[in-house]
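Below is one structure; the comments refer to it alone.
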Amino acid sequence: MVAEKTLEDIPGVGPAIAEKLREAGYNDLLAIAVASPGDLAERCEIGEKKAMDIIEGAKLCADIGGFETGSEILERRKEIVKLTTGSKAFDELLAGGLESQSIVEFFGEFGSSKTQVCFQLAVNATMPEERGGLDSDVIIIDSENTFRPERIVQMATYLGLDPDATLARIHVARAFNSQHQILLVEKAMELAQTMKVRLMIVDSLTSHFRAEYVGRGTLAERQQVLNRHMHDLLNFATLNNAVIAVTNQVAAKPDAFFGDPTRPIGGHIVGHTATFRIYLRKGKAGKRVARLIDSPNLPEGEAVFMVTEDGIKD
Ligand code: ADP
Ligand code: MG
């Protein structure tokens, strides 16, 4: 159905506009159907009205935007793959690992091992599916400049992987501010057209937003922009059958807006869009505790794991 139709099947789209669309990275109907009119107009240099018509046409052609039967949804969910965390207990908490087509949020205080978990997921994703990997390349959006290739080498070596080959499959971009971070998701979409990307990491999702939108009056705007960003990420997850892992630092001291130190930044917005939320904290004797907070189909619970030189372990 969707796969057989091309951009030229959209009413009002001839070869010239189809070419503009493809040049702008809109390579299939679904990508157009989920685009925002403003973005599409700007990137293809066409009017906004025309962009809206194209998007509506693509929605009809791609047969999305309507209701689906339970069996259709089940069919799509059959494509879901799972990514191991490297810890049995942690995987069990998640009924086998992190699910594709979803956003998984890791939140916790500074030093709670959010970034270490991300490194491990990146390495694991490059492994074959038989080993709990996704046999895929990885995109990391690094907003805190904490990516350390040396850690990737350590973890890959421990797993018996070729460290250089592993590093070559991990594509990292620094995000310098929140707008840049949003743009990088578009870039990631383009990159994912040229290679299989089943894992995208945003570490941290919220730090730029937190630093830039300061003061009570900016809160609504921050949430709105963050909301759009989350939906871009969810689109990426759906279009690429990918896992999206994001981190979110909670303030050790009470936050001026939210009060409660264990409440993550972004509050309801991030929480409602993320499919899984995992609270990380330090335990005794170098242990780390992961608590599943919110899941559509799994019970709440906790898992204990370790962060070692070799990576995440039981
Ligand atoms: P967060 O991103 O939540 O702020 P990190 O993921 O950076 O936290 O976690 C930092 C912790 O990871 C350190 O406190 C340390 O305990 C652990 N860690 C980092 N590197 C290593 C290593 N090479 N060996 C063992 N533990 C490490
Ligand atoms: Mg970190």
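All residue names refer to the structure tokens as shown: chains lettered A, B, ... in order, residues numbered from 1 in each chain, ligands numbered from 1 in order.
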* Write out as a ChimeraX atom specification all residues of stretch 67-275 of chain A that DSSP puts in helix (DSSP H, G or I) for this structure's backbone. => /A:70-77,88-93,114-125,129-131,149-158,163-168,178-194,207-212,216-240,267-273
Surroundings of ligand 2 up to 12 Å, based on only C-alpha atoms and all ligand atoms, as an MDAnalysis selection string: chainID A and resid 106:119 142:148 201:207 246:250 280
Store the residues of this selection in a file with C-alpha atoms, as an mmCIF file, in the first residue's frame.
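Output file part-v9.cif follows:
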data_model
loop_
_atom_site.group_PDB
_atom_site.id
_atom_site.type_symbol
_atom_site.label_atom_id
_atom_site.label_comp_id
_atom_site.auth_asym_id
_atom_site.auth_seq_id
_atom_site.Cartn_x
_atom_site.Cartn_y
_atom_site.Cartn_z
ATOM 1 C CA PHE A 106 16.045 8.281 31.827
ATOM 2 C CA PHE A 107 15.819 10.849 34.562
ATOM 3 C CA GLY A 108 17.838 11.317 37.693
ATOM 4 C CA GLU A 109 20.297 13.520 39.499
ATOM 5 C CA PHE A 110 23.748 14.453 38.268
ATOM 6 C CA GLY A 111 25.973 11.352 38.451
ATOM 7 C CA SER A 112 23.095 8.874 38.517
ATOM 8 C CA SER A 113 24.600 7.212 35.396
ATOM 9 C CA LYS A 114 22.239 8.501 32.712
ATOM 10 C CA THR A 115 25.120 9.104 30.325
ATOM 11 C CA GLN A 116 26.770 5.762 31.097
ATOM 12 C CA VAL A 117 23.522 3.983 30.250
ATOM 13 C CA CYS A 118 23.396 5.896 26.955
ATOM 14 C CA PHE A 119 26.948 4.827 26.055
ATOM 15 C CA ASP A 142 25.067 15.507 22.777
ATOM 16 C CA SER A 143 23.992 18.721 24.440
ATOM 17 C CA GLU A 144 26.306 18.601 27.448
ATOM 18 C CA ASN A 145 29.565 17.682 25.713
ATOM 19 C CA THR A 146 29.836 14.470 27.682
ATOM 20 C CA PHE A 147 30.339 12.003 24.817
ATOM 21 C CA ARG A 148 33.545 10.030 25.482
ATOM 22 C CA ILE A 201 20.021 9.271 21.893
ATOM 23 C CA VAL A 202 19.441 12.810 23.132
ATOM 24 C CA ASP A 203 21.651 13.431 26.165
ATOM 25 C CA SER A 204 20.423 15.679 27.643
ATOM 26 C CA LEU A 205 16.976 16.412 26.268
ATOM 27 C CA THR A 206 16.244 19.289 28.593
ATOM 28 C CA SER A 207 19.424 21.093 29.707
ATOM 29 C CA VAL A 246 16.531 10.712 26.166
ATOM 30 C CA THR A 247 17.946 11.917 29.461
ATOM 31 C CA ASN A 248 16.534 14.465 31.819
ATOM 32 C CA GLN A 249 18.343 15.763 34.873
ATOM 33 C CA VAL A 250 16.353 16.367 37.996
ATOM 34 C CA LEU A 280 17.883 6.352 38.025
#
From the list A:Glu105, A:Asp314, A:Glu150, A:Glu309, the nearest residue to A:Met230 using only C-alpha atoms is A:Glu105
### Query
Between A:Ile182, A:Leu161, A:Arg151, A:Leu298, which one has atoms that come closest to ligand 1, using only C-alpha atoms and all ligand atoms?
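Going through A:Ile182, A:Leu161, A:Arg151, A:Leu298 one by one, the smallest distance to ligand 1 is for A:Arg151.
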A:Ala237, A:Pro149, A:Thr218, A:Arg198: which is nearest ligand 1, counting only C-alpha atoms and all ligand atoms?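 With only C-alpha atoms and all ligand atoms as the atom set, the closest residue is A:Pro149.
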Residues within 12 Å of A:Glu92, only C-alpha atoms, excluding chain neighbours under 4 positions, as a PyMOL selection string = chain A and resi 82-88+96-98+290-292+298-305+314
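Nearest residue to A:Val13, choosing from A:Ala274, A:Gly25, A:Ala58, A:Thr238 and counting only C-alpha atoms: A:Ala58.
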